[in-house]
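Source file: structure_4.pdb. Holds: PDB, C-alpha atoms.
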ATOM      1  CA  MET R   7      -8.007  -8.747  15.138
ATOM      2  CA  ASN R   8      -9.077 -12.152  16.306
ATOM      3  CA  HIS R   9     -11.824 -12.673  13.792
ATOM      4  CA  LEU R  10     -10.355 -15.941  12.748
ATOM      5  CA  HIS R  11     -10.209 -17.323  16.259
ATOM      6  CA  ALA R  12     -13.745 -16.242  16.949
ATOM      7  CA  ASP R  13     -14.893 -17.905  13.727
ATOM      8  CA  ASN R  14     -13.046 -21.066  14.541
ATOM      9  CA  ALA R  15     -14.505 -21.149  18.023
ATOM     10  CA  GLY R  16     -17.990 -20.769  16.594
ATOM     11  CA  PHE R  17     -17.292 -23.445  14.049
ATOM     12  CA  SER R  18     -16.056 -26.090  16.481
ATOM     13  CA  ALA R  19     -18.955 -25.351  18.833
ATOM     14  CA  ASN R  20     -21.312 -25.987  15.936
ATOM     15  CA  GLU R  21     -19.635 -29.203  15.112
ATOM     16  CA  GLU R  22     -19.968 -30.409  18.680
ATOM     17  CA  THR R  23     -23.662 -29.710  18.880
ATOM     18  CA  GLN R  24     -24.141 -31.463  15.567
ATOM     19  CA  ALA R  25     -22.269 -34.528  16.742
ATOM     20  CA  ALA R  26     -24.006 -34.575  20.114
ATOM     21  CA  GLY R  27     -27.457 -33.996  18.670
ATOM     22  CA  ALA R  28     -27.247 -37.027  16.335
ATOM     23  CA  HIS R  29     -28.418 -34.743  13.567
ATOM     24  CA  LYS R  30     -28.042 -36.736  10.381
ATOM     25  CA  ASP R  31     -27.911 -34.234   7.566
ATOM     26  CA  ASN R  32     -26.271 -34.915   4.286
ATOM     27  CA  VAL R  33     -24.746 -31.484   4.432
ATOM     28  CA  ALA R  34     -21.013 -31.684   4.817
ATOM     29  CA  PRO R  35     -19.814 -29.495   7.641
ATOM     30  CA  PHE R  36     -18.124 -26.347   6.431
ATOM     31  CA  GLN R  37     -14.394 -26.723   6.477
ATOM     32  CA  LEU R  38     -11.653 -24.215   5.917
ATOM     33  CA  PRO R  39      -8.858 -25.462   3.702
ATOM     34  CA  ALA R  40      -6.220 -26.953   5.988
ATOM     35  CA  ASP R  41      -3.543 -24.482   4.930
ATOM     36  CA  HIS R  42      -5.756 -21.425   4.995
ATOM     37  CA  VAL R  43      -4.266 -18.837   7.318
ATOM     38  CA  GLU R  44      -5.526 -15.310   7.131
ATOM     39  CA  TYR R  45      -2.734 -12.877   7.729
ATOM     40  CA  PRO R  46      -3.511 -11.265  11.085
ATOM     41  CA  ALA R  47      -3.341  -7.627  10.111
ATOM     42  CA  ALA R  48      -3.448  -4.672  12.483
ATOM     43  CA  SER R  49      -6.608  -2.556  12.562
ATOM     44  CA  LEU R  50      -6.977   0.690  10.635
ATOM     45  CA  GLU R  51      -6.767   2.615  13.933
ATOM     46  CA  GLU R  52      -3.468   0.932  14.716
ATOM     47  CA  ILE R  53      -1.873   1.681  11.372
ATOM     48  CA  ALA R  54      -3.368   5.171  10.911
ATOM     49  CA  PRO R  55      -0.354   6.942  12.475
ATOM     50  CA  ARG R  56       1.920   5.127  10.011
ATOM     51  CA  VAL R  57       0.151   5.584   6.686
ATOM     52  CA  ASP R  58       2.980   7.790   5.435
ATOM     53  CA  ASP R  59       5.467   4.996   6.210
ATOM     54  CA  ILE R  60       3.213   2.570   4.355
ATOM     55  CA  LEU R  61       3.229   4.904   1.354
ATOM     56  CA  GLU R  62       7.019   5.228   1.516
ATOM     57  CA  ALA R  63       7.439   1.442   1.573
ATOM     58  CA  ALA R  64       4.975   1.034  -1.315
ATOM     59  CA  LYS R  65       6.882   3.649  -3.305
ATOM     60  CA  SER R  66      10.198   1.874  -2.691
ATOM     61  CA  LEU R  67       8.637  -1.407  -3.730
ATOM     62  CA  ALA R  68       7.237   0.184  -6.902
ATOM     63  CA  SER R  69      10.543   1.827  -7.775
ATOM     64  CA  ALA R  70      12.409  -1.457  -7.293
ATOM     65  CA  ALA R  71       9.807  -3.297  -9.375
ATOM     66  CA  LYS R  72      10.240  -0.831 -12.238
ATOM     67  CA  LYS R  73      14.023  -1.000 -12.087
ATOM     68  CA  LEU R  74      13.932  -4.797 -11.963
ATOM     69  CA  GLU R  75      11.807  -4.811 -15.088
ATOM     70  CA  LYS R  76      14.342  -2.549 -16.806
ATOM     71  CA  ASN R  77      17.207  -4.737 -15.595
ATOM     72  CA  ARG R  78      15.498  -7.785 -17.006
ATOM     73  CA  GLN R  79      15.189  -6.151 -20.422
ATOM     74  CA  GLU R  80      18.757  -4.902 -20.264
ATOM     75  CA  GLU R  81      19.929  -8.371 -19.312
ATOM     76  CA  GLU R  82      18.084  -9.914 -22.215
ATOM     77  CA  GLU R  83      19.456  -7.426 -24.709
ATOM     78  CA  ALA R  84      23.021  -7.724 -23.423
ATOM     79  CA  GLU R  85      22.814 -11.495 -23.536
ATOM     80  CA  GLN R  86      21.498 -11.459 -27.073
ATOM     81  CA  SER R  87      24.170  -9.109 -28.313
ATOM     82  CA  ALA R  88      26.883 -11.080 -26.466
ATOM     83  CA  ARG R  89      25.764 -14.241 -28.228
ATOM     84  CA  ALA R  90      25.805 -12.548 -31.621
ATOM     85  CA  LEU R  91      29.230 -11.053 -30.979
ATOM     86  CA  GLN R  92      30.562 -14.395 -29.779
ATOM     87  CA  GLN R  93      29.438 -15.888 -33.052
ATOM     88  CA  GLU R  94      31.040 -13.080 -35.010
ATOM     89  CA  ALA R  95      34.275 -13.474 -33.003
ATOM     90  CA  ASN R  96      34.369 -17.186 -33.704
ATOM     91  CA  GLU R  97      34.003 -16.537 -37.397
ATOM     92  CA  ALA R  98      36.719 -13.876 -37.352
ATOM     93  CA  PHE R  99      38.968 -16.232 -35.437
ATOM     94  CA  ASP R 100      38.429 -19.090 -37.875
ATOM     95  CA  ALA R 101      39.019 -16.742 -40.807
ATOM     96  CA  ARG R 102      42.269 -15.574 -39.228
ATOM     97  CA  LEU R 103      43.478 -19.168 -38.822
ATOM     98  CA  ALA R 104      42.493 -20.024 -42.367
ATOM     99  CA  LYS R 105      44.182 -16.862 -43.600
ATOM    100  CA  ARG R 106      41.104 -15.834 -45.531
ATOM    101  CA  GLU R 107      40.074 -12.704 -43.685
ATOM    102  CA  ALA R 108      37.553 -10.733 -45.656
ATOM    103  CA  PRO R 109      38.601  -7.089 -45.941
ATOM    104  CA  GLU R 110      35.106  -5.828 -45.037
ATOM    105  CA  ALA R 111      34.852  -8.038 -41.928
ATOM    106  CA  ARG R 112      35.864  -6.708 -38.536
ATOM    107  CA  SER R 113      38.990  -8.130 -36.972
ATOM    108  CA  PHE R 114      38.760 -10.658 -34.179
ATOM    109  CA  GLU R 115      40.227  -8.079 -31.755
ATOM    110  CA  ASP R 116      37.589  -5.461 -32.572
ATOM    111  CA  VAL R 117      34.749  -7.922 -32.153
ATOM    112  CA  GLN R 118      36.227  -9.206 -28.933
ATOM    113  CA  LYS R 119      36.305  -5.672 -27.509
ATOM    114  CA  ASP R 120      32.581  -5.309 -28.162
ATOM    115  CA  LEU R 121      31.937  -8.751 -26.762
ATOM    116  CA  LEU R 122      33.661  -7.847 -23.497
ATOM    117  CA  LYS R 123      31.577  -4.681 -23.336
ATOM    118  CA  ALA R 124      28.375  -6.671 -23.775
ATOM    119  CA  ILE R 125      29.415  -9.091 -21.060
ATOM    120  CA  LYS R 126      30.185  -6.194 -18.735
ATOM    121  CA  ARG R 127      26.737  -4.782 -19.491
ATOM    122  CA  LEU R 128      25.222  -8.146 -18.674
ATOM    123  CA  ASP R 129      27.111  -8.369 -15.371
ATOM    124  CA  LYS R 130      26.018  -4.876 -14.454
ATOM    125  CA  ALA R 131      22.379  -5.682 -15.129
ATOM    126  CA  VAL R 132      22.591  -8.828 -13.012
ATOM    127  CA  GLU R 133      24.319  -6.973 -10.196
ATOM    128  CA  SER R 134      21.801  -4.151 -10.290
ATOM    129  CA  ALA R 135      18.950  -6.665 -10.301
ATOM    130  CA  SER R 136      20.235  -8.282  -7.152
ATOM    131  CA  GLU R 137      20.627  -4.866  -5.546
ATOM    132  CA  GLU R 138      17.058  -3.926  -6.471
ATOM    133  CA  THR R 139      15.792  -7.269  -5.219
ATOM    134  CA  GLY R 140      17.390  -6.482  -1.867
ATOM    135  CA  LYS R 141      15.714  -3.078  -1.786
ATOM    136  CA  ALA R 142      12.371  -4.603  -2.735
ATOM    137  CA  GLN R 143      12.737  -7.194  -0.009
ATOM    138  CA  GLY R 144      13.487  -4.502   2.564
ATOM    139  CA  ALA R 145      10.509  -2.413   1.458
ATOM    140  CA  TYR R 146       8.140  -5.379   1.448
ATOM    141  CA  ARG R 147       9.318  -6.487   4.892
ATOM    142  CA  GLU R 148       8.816  -2.968   6.196
ATOM    143  CA  LEU R 149       5.317  -2.855   4.713
ATOM    144  CA  LEU R 150       4.403  -6.173   6.315
ATOM    145  CA  SER R 151       5.890  -5.203   9.652
ATOM    146  CA  ILE R 152       3.781  -2.024   9.763
ATOM    147  CA  ILE R 153       0.536  -3.884   9.155
ATOM    148  CA  THR R 154       1.417  -6.715  11.538
ATOM    149  CA  PRO R 155       0.061  -6.230  15.050
ATOM    150  CA  SER R 156       2.870  -5.875  17.570
ATOM    151  CA  HIS R 157       1.063  -7.745  20.355
TER     152      HIS R 157
ATOM    153  CA  MET K   9      -2.376 -15.859  -7.287
ATOM    154  CA  HIS K  10      -4.803 -17.629  -4.995
ATOM    155  CA  ASN K  11      -2.939 -20.844  -4.547
ATOM    156  CA  SER K  12       0.558 -19.437  -4.244
ATOM    157  CA  VAL K  13       0.119 -17.582  -0.984
ATOM    158  CA  SER K  14       2.879 -18.612   1.372
ATOM    159  CA  SER K  15       2.053 -20.452   4.587
ATOM    160  CA  ASP K  16       2.125 -17.277   6.670
ATOM    161  CA  GLY K  17      -0.775 -15.856   4.691
ATOM    162  CA  VAL K  18       0.847 -13.211   2.530
ATOM    163  CA  ILE K  19       1.980 -13.160  -1.067
ATOM    164  CA  SER K  20       5.639 -13.744  -1.879
ATOM    165  CA  LEU K  21       8.076 -11.001  -2.860
ATOM    166  CA  PRO K  22       7.880 -11.803  -6.615
ATOM    167  CA  GLN K  23       4.101 -11.571  -6.388
ATOM    168  CA  ALA K  24       4.317  -8.325  -4.462
ATOM    169  CA  LEU K  25       6.585  -6.992  -7.217
ATOM    170  CA  ALA K  26       4.172  -8.155  -9.899
ATOM    171  CA  ASN K  27       1.331  -6.385  -8.053
ATOM    172  CA  TYR K  28       3.235  -3.241  -7.191
ATOM    173  CA  LYS K  29       0.723  -0.985  -8.948
ATOM    174  CA  MET K  30      -2.202  -2.192  -6.847
ATOM    175  CA  ILE K  31      -0.130  -1.958  -3.680
ATOM    176  CA  LEU K  32       1.026   1.564  -4.511
ATOM    177  CA  SER K  33      -2.462   2.717  -5.451
ATOM    178  CA  ALA K  34      -3.987   1.384  -2.214
ATOM    179  CA  ALA K  35      -1.173   2.938  -0.162
ATOM    180  CA  GLN K  36      -1.662   6.298  -1.885
ATOM    181  CA  ARG K  37      -5.405   6.286  -1.282
ATOM    182  CA  LEU K  38      -4.890   5.132   2.301
ATOM    183  CA  SER K  39      -2.397   7.831   3.152
ATOM    184  CA  SER K  40      -4.422  10.545   1.433
ATOM    185  CA  SER K  41      -7.726   9.658   3.093
ATOM    186  CA  VAL K  42      -6.284   9.094   6.575
ATOM    187  CA  ASN K  43      -4.502  12.440   6.422
ATOM    188  CA  LYS K  44      -7.600  14.191   5.113
ATOM    189  CA  ALA K  45      -9.753  12.628   7.836
ATOM    190  CA  GLU K  46      -7.302  13.935  10.390
ATOM    191  CA  ARG K  47      -7.467  17.435   8.925
ATOM    192  CA  LYS K  48     -11.265  17.306   8.956
ATOM    193  CA  ARG K  49     -11.280  16.267  12.597
ATOM    194  CA  ALA K  50      -8.951  19.151  13.442
ATOM    195  CA  GLU K  51     -11.304  21.482  11.554
ATOM    196  CA  GLU K  52     -14.202  20.077  13.531
ATOM    197  CA  ALA K  53     -12.400  20.689  16.835
ATOM    198  CA  ARG K  54     -11.585  24.273  15.845
ATOM    199  CA  ALA K  55     -15.159  24.938  14.778
ATOM    200  CA  ARG K  56     -16.518  23.460  18.018
ATOM    201  CA  GLU K  57     -14.223  25.658  20.037
ATOM    202  CA  LEU K  58     -15.338  28.708  18.132
ATOM    203  CA  ALA K  59     -18.986  27.702  18.583
ATOM    204  CA  SER K  60     -18.503  27.343  22.299
ATOM    205  CA  ARG K  61     -16.885  30.783  22.497
ATOM    206  CA  LEU K  62     -19.771  32.311  20.568
ATOM    207  CA  ARG K  63     -22.292  30.663  22.875
ATOM    208  CA  ASP K  64     -20.468  32.113  25.901
ATOM    209  CA  GLU K  65     -20.483  35.490  24.255
ATOM    210  CA  SER K  66     -24.158  35.169  23.502
ATOM    211  CA  LYS K  67     -24.937  34.129  27.097
ATOM    212  CA  ALA K  68     -23.028  37.100  28.440
ATOM    213  CA  ALA K  69     -24.870  39.442  26.110
ATOM    214  CA  TYR K  70     -28.264  37.986  27.116
ATOM    215  CA  LYS K  71     -27.334  38.339  30.761
ATOM    216  CA  ALA K  72     -26.461  41.974  30.188
ATOM    217  CA  LEU K  73     -29.832  42.354  28.506
ATOM    218  CA  ALA K  74     -31.563  40.886  31.545
ATOM    219  CA  ASP K  75     -29.589  43.298  33.703
ATOM    220  CA  GLY K  76     -30.992  46.185  31.711
ATOM    221  CA  ASP K  77     -28.054  46.795  29.432
ATOM    222  CA  PHE K  78     -29.447  46.844  25.914
ATOM    223  CA  SER K  79     -26.274  47.887  24.155
ATOM    224  CA  GLY K  80     -25.519  44.302  23.178
ATOM    225  CA  GLN K  81     -28.965  43.443  21.799
ATOM    226  CA  LEU K  82     -28.254  44.342  18.234
ATOM    227  CA  ARG K  83     -24.993  42.451  18.356
ATOM    228  CA  ILE K  84     -26.724  39.303  19.583
ATOM    229  CA  GLU K  85     -29.245  39.326  16.786
ATOM    230  CA  LYS K  86     -27.119  40.558  13.961
ATOM    231  CA  THR K  87     -23.764  39.001  14.652
ATOM    232  CA  ILE K  88     -23.503  36.299  17.270
ATOM    233  CA  GLN K  89     -26.476  34.237  16.143
ATOM    234  CA  ARG K  90     -25.444  34.402  12.552
ATOM    235  CA  ASP K  91     -21.845  33.462  13.342
ATOM    236  CA  LEU K  92     -23.016  30.664  15.552
ATOM    237  CA  GLN K  93     -25.142  29.222  12.793
ATOM    238  CA  LYS K  94     -22.282  29.479  10.358
ATOM    239  CA  VAL K  95     -19.853  27.769  12.669
ATOM    240  CA  ASN K  96     -22.362  25.034  13.495
ATOM    241  CA  ASN K  97     -22.645  24.350   9.782
ATOM    242  CA  GLU K  98     -18.884  24.178   9.630
ATOM    243  CA  VAL K  99     -18.886  21.574  12.407
ATOM    244  CA  ASP K 100     -21.443  19.514  10.490
ATOM    245  CA  ARG K 101     -19.516  19.738   7.257
ATOM    246  CA  ALA K 102     -16.269  18.775   8.969
ATOM    247  CA  ILE K 103     -17.899  15.739  10.587
ATOM    248  CA  GLU K 104     -19.399  14.716   7.270
ATOM    249  CA  GLY K 105     -16.033  15.117   5.553
ATOM    250  CA  ALA K 106     -14.218  13.167   8.256
ATOM    251  CA  ASN K 107     -16.726  10.331   7.988
ATOM    252  CA  LYS K 108     -16.382  10.205   4.226
ATOM    253  CA  GLU K 109     -12.595  10.069   4.476
ATOM    254  CA  ALA K 110     -12.803   7.410   7.192
ATOM    255  CA  GLU K 111     -14.889   5.282   4.846
ATOM    256  CA  LYS K 112     -12.361   5.765   2.060
ATOM    257  CA  SER K 113      -9.580   4.827   4.482
ATOM    258  CA  GLU K 114     -11.348   1.586   5.396
ATOM    259  CA  GLN K 115     -11.773   0.739   1.728
ATOM    260  CA  ALA K 116      -8.161   1.532   0.855
ATOM    261  CA  TYR K 117      -6.838  -0.505   3.768
ATOM    262  CA  ALA K 118      -9.111  -3.409   2.866
ATOM    263  CA  ASP K 119      -7.805  -3.209  -0.714
ATOM    264  CA  LEU K 120      -4.203  -3.208   0.481
ATOM    265  CA  LEU K 121      -4.769  -6.196   2.760
ATOM    266  CA  SER K 122      -6.572  -8.118   0.065
ATOM    267  CA  VAL K 123      -3.629  -7.694  -2.347
ATOM    268  CA  LEU K 124      -1.132  -8.686   0.337
ATOM    269  CA  ARG K 125      -3.214 -11.682   1.367
ATOM    270  CA  GLY K 126      -3.530 -12.697  -2.261
ATOM    271  CA  VAL K 127      -7.321 -12.916  -2.187
TER     272      VAL K 127
END
Using structure tokens, write down the structure from this file.
Amino acid sequence: MNHLHADNAGFSANEETQAAGAHKDNVAPFQLPADHVEYPAASLEEIAPRVDDILEAAKSLASAAKKLEKNRQEEEEAEQSARALQQEANEAFDARLAKREAPEARSFEDVQKDLLKAIKRLDKAVESASEETGKAQGAYRELLSIITPSH
Amino acid sequence: MHNSVSSDGVISLPQALANYKMILSAAQRLSSSVNKAERKRAEEARARELASRLRDESKAAYKALADGDFSGQLRIEKTIQRDLQKVNNEVDRAIEGANKEAEKSEQAYADLLSVLRGV
């Protein structure tokens, strides 16, 4: 698992001999990006007994991802229809005040009922999204913990 | 994807969600090949055991032959040797299968790690 350390050790040793040997090349010494950290994963042998758990976690993650995508669409649709209904409600309200309600137009109360439904739908989608995000987080954490060496 | 890996070296949750198909596919291949490799190794062990039993049987029959008991001769030639060859082939095939699945496991695990590391 300690590939990285071994590489680093080899690298710094190289650098030392270069500095000591007054070797004046124009070649810049190889440098890893400062923030490059390779995730120290467990070996295949170590995770082999837990491949079914890995699959379970990946399935949970996938299921949450799909539901989140659906929630996002649902949220968008509910928001759009809430906006349209709000507009319609405003118009019905203004018409009521002006006493010029068109007979074919829906009453303010009817529109408001639908508006409340749309808002409820929106809330539900948001709530479900946060639930699914929690599940996804749990599954992803589990996945990472399985592939992370315990020593 | 390359430059948004968090400081601990793995992709973030939103990225993991965006890449769920690759993660799931690697996990499916990993689990399938590791389990198959295990089955192949169990097959290999069973075949080896059977081979060893057949060799014992064959030795006993040859010994009886040396002792002047020829009743087992036909059995040695017609049955034991043939079975032994068959079971040795089974051992070879199981080893080959286990190696192939081990290779697939390595690849699947490498794929999984490369998605998670965001490289």
Next on the checklist: For a quick test of understanding: name the residues of chain K lying within 8 Å of chain R when counting all atoms listed in the file, and present them as an MDAnalysis selection string.
Outcome noted: chainID K and resid 15:18 21 24:26 28:29 31:32 35:36 38:39 42 113:114 117 121 125
Next on the checklist: Please report the interatomic distance between CA of Leu92 (chain K) and CA of Glu57 (chain K) in Å with one decimal.
Outcome noted: 11.1 Å
Next on the checklist: So the first atom is CA of Arg90 (chain K) and the second is CA of Ala106 (chain K); what is the distance between them in Å, to one decimal place?
Outcome noted: 24.4 Å
Checklist entry - Please, what distance in Å, to one decimal, runs between CA of Lys67 (chain K) and CA of Asn97 (chain K)? => result 20.0 Å
Checklist outcome for this item: Of K:Arg61, K:Gly105, K:Ile19, K:Gly80, the one nearest to Lys44 (chain K) when counting all atoms listed in the file is K:Gly105
Item to check | 10 Å contact set for Glu81 (chain R), all atoms listed in the file, chain neighbours under 2 positions out, as JSON, numbers by chain | outcome: {"R": [75, 76, 77, 78, 79, 83, 84, 85, 86, 87, 124, 125, 127, 128, 129, 130, 131, 132, 135]}
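Those residues positioned at most 10 Å from (-13.7, 26.2, 14.1) are K:Ala50, K:Glu51, K:Glu52, K:Ala53, K:Arg54, K:Ala55, K:Arg56, K:Glu57, K:Leu58, K:Ala59, K:Ser60, K:Lys94, K:Val95, K:Asn96, K:Glu98, K:Val99, K:Ala102, judged using all atoms listed in the file.
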Take the residues from that selection and put them in a file with C-alpha atoms, as a short mmCIF file (atom, residue, chain, number, x, y, z; two decimals), keeping the file's coordinate frame.
data_model
loop_
_atom_site.label_atom_id
_atom_site.label_comp_id
_atom_site.auth_asym_id
_atom_site.auth_seq_id
_atom_site.Cartn_x
_atom_site.Cartn_y
_atom_site.Cartn_z
CA ALA K 50 -8.95 19.15 13.44
CA GLU K 51 -11.30 21.48 11.55
CA GLU K 52 -14.20 20.08 13.53
CA ALA K 53 -12.40 20.69 16.84
CA ARG K 54 -11.58 24.27 15.84
CA ALA K 55 -15.16 24.94 14.78
CA ARG K 56 -16.52 23.46 18.02
CA GLU K 57 -14.22 25.66 20.04
CA LEU K 58 -15.34 28.71 18.13
CA ALA K 59 -18.99 27.70 18.58
CA SER K 60 -18.50 27.34 22.30
CA LYS K 94 -22.28 29.48 10.36
CA VAL K 95 -19.85 27.77 12.67
CA ASN K 96 -22.36 25.03 13.50
CA GLU K 98 -18.88 24.18 9.63
CA VAL K 99 -18.89 21.57 12.41
CA ALA K 102 -16.27 18.77 8.97
#
Checklist entry - Can you list, as a list in words, every protein, DNA or RNA residue that comes within 10 Å of region 69-73 of chain K when you count all atoms listed in the file, leaving out same-chain residues fewer than 5 positions away? => result Arg63, Asp64, Phe78, Ser79, Gly80, Gln81, Leu82, Arg83, Ile84 and Ile88 of chain K
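Residues within 8 Å of Val123 (chain K), counting only C-alpha atoms and excluding same-chain residues fewer than 3 positions away, are Ile19, Asn27, Met30, Ile31, Asp119, Leu120, Gly126 and Val127 of chain K.
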Item to check | Residue with smallest distance to Lys86 (chain K) - pool K:Ser66, K:Ser122, K:Ala45, K:Ala116, counting all atoms listed in the file | outcome: K:Ser66
Checklist entry - Of the candidates R:Glu107, R:Val117, R:Gly144, R:Ser151, which shows the shortest atom-to-atom distance to Arg89 (chain R), using only C-alpha atoms? => result R:Val117
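Closest approach to Ser136 (chain R) among R:Lys73, R:Leu121, R:Ser113, R:Glu52 is made by R:Lys73 (distances from only C-alpha atoms).
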Item to check | Hits of the PyMOL selection byres ((chain R and resi 112) around 12) in this structure, as JSON, numbers by chain | outcome: {"R": [91, 94, 95, 96, 97, 98, 99, 101, 102, 107, 108, 109, 110, 111, 113, 114, 115, 116, 117, 118, 119, 120]}
